[in-house]
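Asks: This one is query16.cif, mmCIF, N, CA and C atoms.
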```
data_input
loop_
_atom_site.group_PDB
_atom_site.id
_atom_site.type_symbol
_atom_site.label_atom_id
_atom_site.label_comp_id
_atom_site.auth_asym_id
_atom_site.auth_seq_id
_atom_site.Cartn_x
_atom_site.Cartn_y
_atom_site.Cartn_z
ATOM 1 N N MET A 16 -54.541 82.788 224.486
ATOM 2 C CA MET A 16 -54.139 82.690 223.097
ATOM 3 C C MET A 16 -53.340 81.401 222.857
ATOM 4 N N ARG A 17 -52.473 81.091 223.826
ATOM 5 C CA ARG A 17 -51.661 79.885 223.678
ATOM 6 C C ARG A 17 -52.553 78.638 223.656
ATOM 7 N N ARG A 18 -53.591 78.611 224.504
ATOM 8 C CA ARG A 18 -54.524 77.480 224.522
ATOM 9 C C ARG A 18 -55.256 77.346 223.191
ATOM 10 N N LEU A 19 -55.617 78.444 222.623
ATOM 11 C CA LEU A 19 -56.298 78.441 221.329
ATOM 12 C C LEU A 19 -55.398 77.835 220.252
ATOM 13 N N ILE A 20 -54.162 78.224 220.229
ATOM 14 C CA ILE A 20 -53.211 77.702 219.243
ATOM 15 C C ILE A 20 -53.000 76.200 219.453
ATOM 16 N N ILE A 21 -52.853 75.794 220.704
ATOM 17 C CA ILE A 21 -52.671 74.361 220.994
ATOM 18 C C ILE A 21 -53.924 73.590 220.600
ATOM 19 N N SER A 22 -55.088 74.121 220.910
ATOM 20 C CA SER A 22 -56.343 73.454 220.547
ATOM 21 C C SER A 22 -56.481 73.316 219.040
ATOM 22 N N MET A 23 -56.144 74.372 218.315
ATOM 23 C CA MET A 23 -56.213 74.321 216.848
ATOM 24 C C MET A 23 -55.234 73.283 216.304
ATOM 25 N N PHE A 24 -54.050 73.211 216.883
ATOM 26 C CA PHE A 24 -53.060 72.237 216.453
ATOM 27 C C PHE A 24 -53.569 70.810 216.679
ATOM 28 N N VAL A 25 -54.191 70.569 217.823
ATOM 29 C CA VAL A 25 -54.729 69.242 218.137
ATOM 30 C C VAL A 25 -55.835 68.872 217.150
ATOM 31 N N VAL A 26 -56.735 69.787 216.875
ATOM 32 C CA VAL A 26 -57.831 69.528 215.937
ATOM 33 C C VAL A 26 -57.288 69.240 214.539
ATOM 34 N N ILE A 27 -56.360 70.038 214.100
ATOM 35 C CA ILE A 27 -55.768 69.842 212.773
ATOM 36 C C ILE A 27 -55.027 68.507 212.718
ATOM 37 N N SER A 28 -54.319 68.155 213.777
ATOM 38 C CA SER A 28 -53.589 66.882 213.807
ATOM 39 C C SER A 28 -54.549 65.700 213.714
ATOM 40 N N PHE A 29 -55.642 65.735 214.489
ATOM 41 C CA PHE A 29 -56.620 64.648 214.435
ATOM 42 C C PHE A 29 -57.294 64.578 213.076
ATOM 43 N N SER A 30 -57.574 65.726 212.495
ATOM 44 C CA SER A 30 -58.181 65.738 211.161
ATOM 45 C C SER A 30 -57.247 65.109 210.138
ATOM 46 N N PHE A 31 -55.980 65.426 210.230
ATOM 47 C CA PHE A 31 -54.993 64.874 209.310
ATOM 48 C C PHE A 31 -54.877 63.362 209.487
ATOM 49 N N MET A 32 -54.827 62.898 210.744
ATOM 50 C CA MET A 32 -54.735 61.453 211.004
ATOM 51 C C MET A 32 -55.987 60.736 210.504
ATOM 52 N N PHE A 33 -57.162 61.334 210.684
ATOM 53 C CA PHE A 33 -58.404 60.738 210.205
ATOM 54 C C PHE A 33 -58.391 60.634 208.686
ATOM 55 N N THR A 34 -57.925 61.681 208.025
ATOM 56 C CA THR A 34 -57.843 61.667 206.563
ATOM 57 C C THR A 34 -56.896 60.579 206.084
ATOM 58 N N LEU A 35 -55.759 60.434 206.729
ATOM 59 C CA LEU A 35 -54.809 59.384 206.349
ATOM 60 C C LEU A 35 -55.404 57.999 206.556
ATOM 61 N N SER A 36 -56.119 57.808 207.667
ATOM 62 C CA SER A 36 -56.699 56.489 207.919
ATOM 63 C C SER A 36 -57.792 56.184 206.912
ATOM 64 N N MET A 37 -58.540 57.191 206.486
ATOM 65 C CA MET A 37 -59.577 56.988 205.472
ATOM 66 C C MET A 37 -58.927 56.635 204.140
ATOM 67 N N ALA A 38 -57.835 57.295 203.796
ATOM 68 C CA ALA A 38 -57.169 57.049 202.528
ATOM 69 C C ALA A 38 -56.595 55.647 202.474
ATOM 70 N N ALA A 39 -56.184 55.126 203.633
ATOM 71 C CA ALA A 39 -55.567 53.809 203.662
ATOM 72 C C ALA A 39 -56.591 52.710 203.442
ATOM 73 N N GLY A 40 -57.802 52.883 203.886
ATOM 74 C CA GLY A 40 -58.829 51.872 203.717
ATOM 75 C C GLY A 40 -58.687 50.735 204.708
ATOM 76 N N ASP A 41 -59.728 49.933 204.805
ATOM 77 C CA ASP A 41 -59.803 48.808 205.724
ATOM 78 C C ASP A 41 -59.823 47.517 204.912
ATOM 79 N N VAL A 42 -58.792 46.701 205.064
ATOM 80 C CA VAL A 42 -58.645 45.480 204.265
ATOM 81 C C VAL A 42 -59.827 44.542 204.490
ATOM 82 N N GLU A 43 -60.242 44.342 205.732
ATOM 83 C CA GLU A 43 -61.343 43.405 206.013
ATOM 84 C C GLU A 43 -62.652 43.893 205.401
ATOM 85 N N LYS A 44 -62.929 45.186 205.502
ATOM 86 C CA LYS A 44 -64.147 45.724 204.872
ATOM 87 C C LYS A 44 -64.062 45.584 203.356
ATOM 88 N N GLY A 45 -62.864 45.767 202.799
ATOM 89 C CA GLY A 45 -62.662 45.586 201.365
ATOM 90 C C GLY A 45 -62.911 44.146 200.941
ATOM 91 N N ARG A 46 -62.481 43.179 201.776
ATOM 92 C CA ARG A 46 -62.721 41.759 201.485
ATOM 93 C C ARG A 46 -64.215 41.464 201.448
ATOM 94 N N VAL A 47 -64.957 42.065 202.367
ATOM 95 C CA VAL A 47 -66.411 41.884 202.392
ATOM 96 C C VAL A 47 -67.028 42.454 201.115
ATOM 97 N N LEU A 48 -66.605 43.651 200.715
ATOM 98 C CA LEU A 48 -67.121 44.255 199.478
ATOM 99 C C LEU A 48 -66.770 43.395 198.268
ATOM 100 N N PHE A 49 -65.569 42.855 198.240
ATOM 101 C CA PHE A 49 -65.088 42.019 197.139
ATOM 102 C C PHE A 49 -65.988 40.806 196.932
ATOM 103 N N ASN A 50 -66.623 40.356 198.004
ATOM 104 C CA ASN A 50 -67.484 39.174 197.958
ATOM 105 C C ASN A 50 -68.972 39.509 197.937
ATOM 106 N N ASP A 51 -69.318 40.787 197.857
ATOM 107 C CA ASP A 51 -70.710 41.231 197.893
ATOM 108 C C ASP A 51 -71.273 41.392 196.478
ATOM 109 N N PRO A 52 -72.275 40.586 196.089
ATOM 110 C CA PRO A 52 -72.833 40.699 194.734
ATOM 111 C C PRO A 52 -73.589 42.006 194.481
ATOM 112 N N LYS A 53 -73.852 42.778 195.534
ATOM 113 C CA LYS A 53 -74.545 44.065 195.354
ATOM 114 C C LYS A 53 -73.585 45.249 195.429
ATOM 115 N N PHE A 54 -72.287 44.959 195.550
ATOM 116 C CA PHE A 54 -71.271 46.014 195.609
ATOM 117 C C PHE A 54 -71.338 46.890 194.365
ATOM 118 N N GLY A 55 -71.337 48.198 194.563
ATOM 119 C CA GLY A 55 -71.364 49.141 193.446
ATOM 120 C C GLY A 55 -72.664 49.119 192.666
ATOM 121 N N GLY A 56 -73.714 48.567 193.277
ATOM 122 C CA GLY A 56 -75.000 48.494 192.582
ATOM 123 C C GLY A 56 -75.080 47.334 191.605
ATOM 124 N N GLY A 57 -74.206 46.333 191.788
ATOM 125 C CA GLY A 57 -74.210 45.161 190.905
ATOM 126 C C GLY A 57 -75.607 44.550 190.800
ATOM 127 N N THR A 58 -75.984 44.156 189.591
ATOM 128 C CA THR A 58 -77.360 43.682 189.357
ATOM 129 C C THR A 58 -77.439 42.251 188.834
ATOM 130 N N ILE A 59 -76.294 41.571 188.652
ATOM 131 C CA ILE A 59 -76.373 40.243 188.033
ATOM 132 C C ILE A 59 -76.091 39.105 189.007
ATOM 133 N N GLY A 60 -75.966 39.415 190.293
ATOM 134 C CA GLY A 60 -75.757 38.379 191.295
ATOM 135 C C GLY A 60 -74.343 37.846 191.381
ATOM 136 N N MET A 61 -73.406 38.543 190.772
ATOM 137 C CA MET A 61 -71.997 38.144 190.850
ATOM 138 C C MET A 61 -71.233 39.174 191.679
ATOM 139 N N SER A 62 -70.116 38.737 192.239
ATOM 140 C CA SER A 62 -69.243 39.644 192.984
ATOM 141 C C SER A 62 -67.888 39.703 192.279
ATOM 142 N N CYS A 63 -67.004 40.526 192.779
ATOM 143 C CA CYS A 63 -65.636 40.573 192.240
ATOM 144 C C CYS A 63 -65.005 39.182 192.337
ATOM 145 N N ASN A 64 -65.319 38.496 193.434
ATOM 146 C CA ASN A 64 -64.765 37.167 193.678
ATOM 147 C C ASN A 64 -65.248 36.141 192.648
ATOM 148 N N SER A 65 -66.353 36.395 191.978
ATOM 149 C CA SER A 65 -66.855 35.470 190.956
ATOM 150 C C SER A 65 -65.860 35.329 189.807
ATOM 151 N N CYS A 66 -65.240 36.426 189.408
ATOM 152 C CA CYS A 66 -64.262 36.400 188.307
ATOM 153 C C CYS A 66 -62.831 36.277 188.814
ATOM 154 N N HIS A 67 -62.607 36.690 190.045
ATOM 155 C CA HIS A 67 -61.263 36.688 190.640
ATOM 156 C C HIS A 67 -61.309 35.922 191.958
ATOM 157 N N PRO A 68 -61.550 34.582 191.916
ATOM 158 C CA PRO A 68 -61.667 33.824 193.167
ATOM 159 C C PRO A 68 -60.431 33.996 194.045
ATOM 160 N N ASP A 69 -60.684 34.373 195.293
ATOM 161 C CA ASP A 69 -59.606 34.615 196.258
ATOM 162 C C ASP A 69 -58.600 35.650 195.758
ATOM 163 N N GLY A 70 -59.036 36.547 194.882
ATOM 164 C CA GLY A 70 -58.167 37.604 194.365
ATOM 165 C C GLY A 70 -57.293 37.171 193.208
ATOM 166 N N ASN A 71 -57.549 35.994 192.667
ATOM 167 C CA ASN A 71 -56.734 35.461 191.582
ATOM 168 C C ASN A 71 -56.642 36.466 190.422
ATOM 169 N N GLY A 72 -55.431 36.754 190.002
ATOM 170 C CA GLY A 72 -55.195 37.679 188.901
ATOM 171 C C GLY A 72 -54.984 39.120 189.342
ATOM 172 N N LEU A 73 -55.161 39.392 190.623
ATOM 173 C CA LEU A 73 -55.021 40.774 191.108
ATOM 174 C C LEU A 73 -53.774 40.978 191.954
ATOM 175 N N GLU A 74 -52.967 39.945 192.096
ATOM 176 C CA GLU A 74 -51.797 40.038 192.967
ATOM 177 C C GLU A 74 -50.735 41.009 192.456
ATOM 178 N N LYS A 75 -50.834 41.425 191.204
ATOM 179 C CA LYS A 75 -49.884 42.399 190.653
ATOM 180 C C LYS A 75 -50.585 43.720 190.330
ATOM 181 N N ALA A 76 -51.594 44.047 191.122
ATOM 182 C CA ALA A 76 -52.400 45.246 190.894
ATOM 183 C C ALA A 76 -51.540 46.504 190.888
ATOM 184 N N GLY A 77 -51.959 47.492 190.114
ATOM 185 C CA GLY A 77 -51.205 48.730 189.931
ATOM 186 C C GLY A 77 -51.450 49.778 190.992
ATOM 187 N N ASP A 78 -51.237 51.032 190.610
ATOM 188 C CA ASP A 78 -51.387 52.139 191.558
ATOM 189 C C ASP A 78 -52.855 52.484 191.778
ATOM 190 N N ARG A 79 -53.101 53.369 192.728
ATOM 191 C CA ARG A 79 -54.468 53.683 193.147
ATOM 192 C C ARG A 79 -55.330 54.196 191.997
ATOM 193 N N LYS A 80 -54.837 55.123 191.198
ATOM 194 C CA LYS A 80 -55.644 55.692 190.103
ATOM 195 C C LYS A 80 -56.037 54.615 189.102
ATOM 196 N N ASP A 81 -55.094 53.732 188.757
ATOM 197 C CA ASP A 81 -55.419 52.631 187.844
ATOM 198 C C ASP A 81 -56.451 51.701 188.473
ATOM 199 N N LEU A 82 -56.294 51.422 189.764
ATOM 200 C CA LEU A 82 -57.235 50.538 190.442
ATOM 201 C C LEU A 82 -58.634 51.139 190.506
ATOM 202 N N GLU A 83 -58.723 52.445 190.740
ATOM 203 C CA GLU A 83 -60.036 53.101 190.766
ATOM 204 C C GLU A 83 -60.752 52.888 189.439
ATOM 205 N N LYS A 84 -60.037 53.090 188.342
ATOM 206 C CA LYS A 84 -60.628 52.901 187.012
ATOM 207 C C LYS A 84 -60.998 51.445 186.782
ATOM 208 N N PHE A 85 -60.099 50.542 187.164
ATOM 209 C CA PHE A 85 -60.320 49.112 186.996
ATOM 210 C C PHE A 85 -61.540 48.640 187.789
ATOM 211 N N VAL A 86 -61.623 49.045 189.054
ATOM 212 C CA VAL A 86 -62.738 48.647 189.916
ATOM 213 C C VAL A 86 -64.054 49.112 189.307
ATOM 214 N N ASN A 87 -64.126 50.379 188.909
ATOM 215 C CA ASN A 87 -65.380 50.889 188.339
ATOM 216 C C ASN A 87 -65.695 50.279 186.973
ATOM 217 N N ALA A 88 -64.676 50.002 186.185
ATOM 218 C CA ALA A 88 -64.926 49.343 184.893
ATOM 219 C C ALA A 88 -65.526 47.960 185.118
ATOM 220 N N CYS A 89 -64.993 47.221 186.068
ATOM 221 C CA CYS A 89 -65.539 45.890 186.376
ATOM 222 C C CYS A 89 -66.965 45.984 186.905
ATOM 223 N N ILE A 90 -67.196 46.943 187.798
ATOM 224 C CA ILE A 90 -68.547 47.093 188.359
ATOM 225 C C ILE A 90 -69.542 47.422 187.251
ATOM 226 N N MET A 91 -69.211 48.387 186.413
ATOM 227 C CA MET A 91 -70.163 48.844 185.398
ATOM 228 C C MET A 91 -70.308 47.850 184.241
ATOM 229 N N ASN A 92 -69.203 47.285 183.771
ATOM 230 C CA ASN A 92 -69.266 46.409 182.597
ATOM 231 C C ASN A 92 -69.610 44.967 182.925
ATOM 232 N N THR A 93 -69.000 44.424 183.954
ATOM 233 C CA THR A 93 -69.208 43.014 184.276
ATOM 234 C C THR A 93 -70.366 42.810 185.242
ATOM 235 N N LEU A 94 -70.392 43.571 186.326
ATOM 236 C CA LEU A 94 -71.422 43.385 187.344
ATOM 237 C C LEU A 94 -72.701 44.157 187.039
ATOM 238 N N LYS A 95 -72.656 44.979 185.983
ATOM 239 C CA LYS A 95 -73.809 45.794 185.562
ATOM 240 C C LYS A 95 -74.326 46.683 186.686
ATOM 241 N N GLY A 96 -73.359 47.323 187.374
ATOM 242 C CA GLY A 96 -73.693 48.241 188.449
ATOM 243 C C GLY A 96 -73.446 49.677 188.041
ATOM 244 N N LYS A 97 -73.501 50.571 189.019
ATOM 245 C CA LYS A 97 -73.343 52.006 188.772
ATOM 246 C C LYS A 97 -71.914 52.495 188.964
ATOM 247 N N GLY A 98 -71.112 51.723 189.668
ATOM 248 C CA GLY A 98 -69.776 52.190 190.019
ATOM 249 C C GLY A 98 -69.823 52.948 191.334
ATOM 250 N N ILE A 99 -68.647 53.288 191.838
ATOM 251 C CA ILE A 99 -68.569 54.004 193.116
ATOM 252 C C ILE A 99 -67.656 55.218 192.982
ATOM 253 N N ASP A 100 -67.871 56.167 193.863
ATOM 254 C CA ASP A 100 -67.083 57.398 193.882
ATOM 255 C C ASP A 100 -65.622 57.061 194.207
ATOM 256 N N PRO A 101 -64.678 57.500 193.374
ATOM 257 C CA PRO A 101 -63.261 57.218 193.635
ATOM 258 C C PRO A 101 -62.780 57.747 194.982
ATOM 259 N N ASN A 102 -63.464 58.746 195.544
ATOM 260 C CA ASN A 102 -63.063 59.329 196.825
ATOM 261 C C ASN A 102 -63.824 58.744 198.011
ATOM 262 N N SER A 103 -64.592 57.690 197.773
ATOM 263 C CA SER A 103 -65.421 57.119 198.836
ATOM 264 C C SER A 103 -64.637 56.179 199.737
ATOM 265 N N VAL A 104 -65.205 55.920 200.908
ATOM 266 C CA VAL A 104 -64.635 54.953 201.845
ATOM 267 C C VAL A 104 -64.649 53.568 201.207
ATOM 268 N N GLU A 105 -65.711 53.246 200.471
ATOM 269 C CA GLU A 105 -65.783 51.945 199.798
ATOM 270 C C GLU A 105 -64.611 51.750 198.842
ATOM 271 N N MET A 106 -64.273 52.780 198.088
ATOM 272 C CA MET A 106 -63.155 52.667 197.151
ATOM 273 C C MET A 106 -61.853 52.462 197.921
ATOM 274 N N ALA A 107 -61.658 53.204 198.998
ATOM 275 C CA ALA A 107 -60.444 53.036 199.808
ATOM 276 C C ALA A 107 -60.364 51.615 200.362
ATOM 277 N N ASP A 108 -61.513 51.069 200.797
ATOM 278 C CA ASP A 108 -61.528 49.729 201.369
ATOM 279 C C ASP A 108 -61.245 48.655 200.323
ATOM 280 N N ILE A 109 -61.887 48.733 199.162
ATOM 281 C CA ILE A 109 -61.674 47.708 198.130
ATOM 282 C C ILE A 109 -60.234 47.768 197.616
ATOM 283 N N ILE A 110 -59.679 48.960 197.493
ATOM 284 C CA ILE A 110 -58.286 49.096 197.051
ATOM 285 C C ILE A 110 -57.337 48.548 198.118
ATOM 286 N N ALA A 111 -57.645 48.799 199.388
ATOM 287 C CA ALA A 111 -56.810 48.246 200.469
ATOM 288 C C ALA A 111 -56.796 46.723 200.385
ATOM 289 N N TYR A 112 -57.955 46.124 200.128
ATOM 290 C CA TYR A 112 -58.016 44.664 200.014
ATOM 291 C C TYR A 112 -57.209 44.181 198.807
ATOM 292 N N ILE A 113 -57.420 44.808 197.661
ATOM 293 C CA ILE A 113 -56.702 44.385 196.453
ATOM 294 C C ILE A 113 -55.194 44.531 196.655
ATOM 295 N N LYS A 114 -54.768 45.620 197.262
ATOM 296 C CA LYS A 114 -53.342 45.823 197.504
ATOM 297 C C LYS A 114 -52.796 44.812 198.511
ATOM 298 N N SER A 115 -53.661 44.315 199.404
ATOM 299 C CA SER A 115 -53.204 43.314 200.372
ATOM 300 C C SER A 115 -52.853 42.001 199.678
ATOM 301 N N LEU A 116 -53.333 41.814 198.463
ATOM 302 C CA LEU A 116 -53.059 40.598 197.698
ATOM 303 C C LEU A 116 -51.685 40.642 197.042
ATOM 304 N N LYS A 117 -51.137 41.842 196.923
ATOM 305 C CA LYS A 117 -49.871 42.034 196.211
ATOM 306 C C LYS A 117 -48.769 41.163 196.805
ATOM 307 N N GLY A 118 -48.132 40.420 195.942
ATOM 308 C CA GLY A 118 -47.032 39.582 196.364
ATOM 309 C C GLY A 118 -47.444 38.226 196.889
ATOM 310 N N LYS A 119 -48.750 38.014 197.072
ATOM 311 C CA LYS A 119 -49.202 36.707 197.547
ATOM 312 C C LYS A 119 -49.212 35.729 196.375
ATOM 313 N N THR A 120 -48.866 34.521 196.664
ATOM 314 C CA THR A 120 -48.962 33.467 195.665
ATOM 315 C C THR A 120 -50.361 32.880 195.781
ATOM 316 N N ILE A 121 -51.120 33.001 194.725
ATOM 317 C CA ILE A 121 -52.482 32.497 194.738
ATOM 318 C C ILE A 121 -52.525 31.236 193.888
ATOM 319 N N LEU A 122 -52.949 30.174 194.498
ATOM 320 C CA LEU A 122 -53.012 28.889 193.793
ATOM 321 C C LEU A 122 -54.326 28.771 193.041
ATOM 322 N N LYS A 123 -54.257 28.358 191.805
ATOM 323 C CA LYS A 123 -55.468 28.118 191.027
ATOM 324 C C LYS A 123 -56.047 26.780 191.447
ATOM 325 N N LYS A 124 -57.347 26.758 191.594
ATOM 326 C CA LYS A 124 -58.023 25.529 192.024
ATOM 327 C C LYS A 124 -58.528 24.763 190.836
#
```
Since I need it in another form, could you write the structure as structure tokens?
Replies:
Amino acid sequence: MRRLIISMFVVISFSFMFTLSMAAGDVEKGRVLFNDPKFGGGTIGMSCNSCHPDGNGLEKAGDRKDLEKFVNACIMNTLKGKGIDPNSVEMADIIAYIKSLKGKTILKK
């Protein structure tokens, strides 16, 4: 019985850690998505980086819920795509990248 309880605790702990890591997102994968013209089903050959070169204008990005809406609004309205699921790994990754820009000084070229 004790082994069963310990095993259940280990499984639950790993599940919790996996969920947290998914929620945090991967900054590098988000950077790749930010530069992908097909991200979110985009159909016009532009990426997020086309309007926000090197993240310009996103360094003061808001909280996750606002970013989810913002990301999908840009995908659907500007990139003419379908948008992405707010609970997806892609959303976690793109938000991680955008949040990584926070506080950076971005020089306009």
Asks: Considering all atoms listed in the file, state which residue in the set A:Lys117, A:Gly70, A:Lys53, A:Ala111 is at the smallest distance from A:Gly96.
Replies: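 Checking each candidate against A:Gly96, we get A:Lys53 as the closest.
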Asks: In Å, with one decimal, what is the gap from atom C of A:Leu116 to atom CA of A:Lys84?
Replies: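 Computed distance, atom C of A:Leu116 to atom CA of A:Lys84, equals 18.2 Å.
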Asks: When you count only C-alpha atoms, which of these residues is closest to A:Ile99: A:Phe54, A:Ile113, A:Val47, A:Gly60?
Replies: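 Among A:Phe54, A:Ile113, A:Val47, A:Gly60, it is A:Phe54 that comes nearest to A:Ile99.
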Asks: Using Å and a single decimal, report how far atom CA of A:Ser115 sits from atom CA of A:Met91.
Replies: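 Going from atom CA of A:Met91 over to atom CA of A:Ser115 covers 23.3 Å.
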Asks: Counting all atoms listed in the file, which residue out of A:Lys75, A:Asp108, A:Gly45, A:Gly56 sits closest to A:Lys95?
Replies: A:Gly56
Asks: Please indicate the distance in Å from atom CA of A:Asp69 to atom N of A:Val42, rounded to one decimal place.
Replies: 15.0 Å
Asks: Find the residue from A:Ile21, A:Asn71, A:Ser62, A:Asp81 that sits nearest to A:Phe49; use all atoms listed in the file when measuring.
Replies: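 Of the candidates, the smallest distance to A:Phe49 is held by A:Ser62.
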Asks: A:Leu48, A:Leu19, A:Glu43, A:Lys80: which is nearest A:Asn102, counting only C-alpha atoms?
Replies: A:Lys80
Asks: Taking only C-alpha atoms into account, which of A:Arg17, A:Lys97, A:Lys114, A:His67 comes nearest A:Asn50?
Replies: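 Among the listed residues, A:His67 lies closest to A:Asn50.
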Asks: Run DSSP on the backbone and give me the residues of stretch 65-112 of chain A it puts in alpha helix (DSSP H), as a list in words.
Replies: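 Taking stretch 65-112 of chain A and keeping alpha helix (DSSP H) gives Ser65, Cys66, Arg79, Lys80, Asp81, Leu82, Glu83, Lys84, Phe85, Val86, Asn87, Ala88, Val104, Glu105, Met106, Ala107, Asp108, Ile109, Ile110, Ala111 and Tyr112 of chain A.
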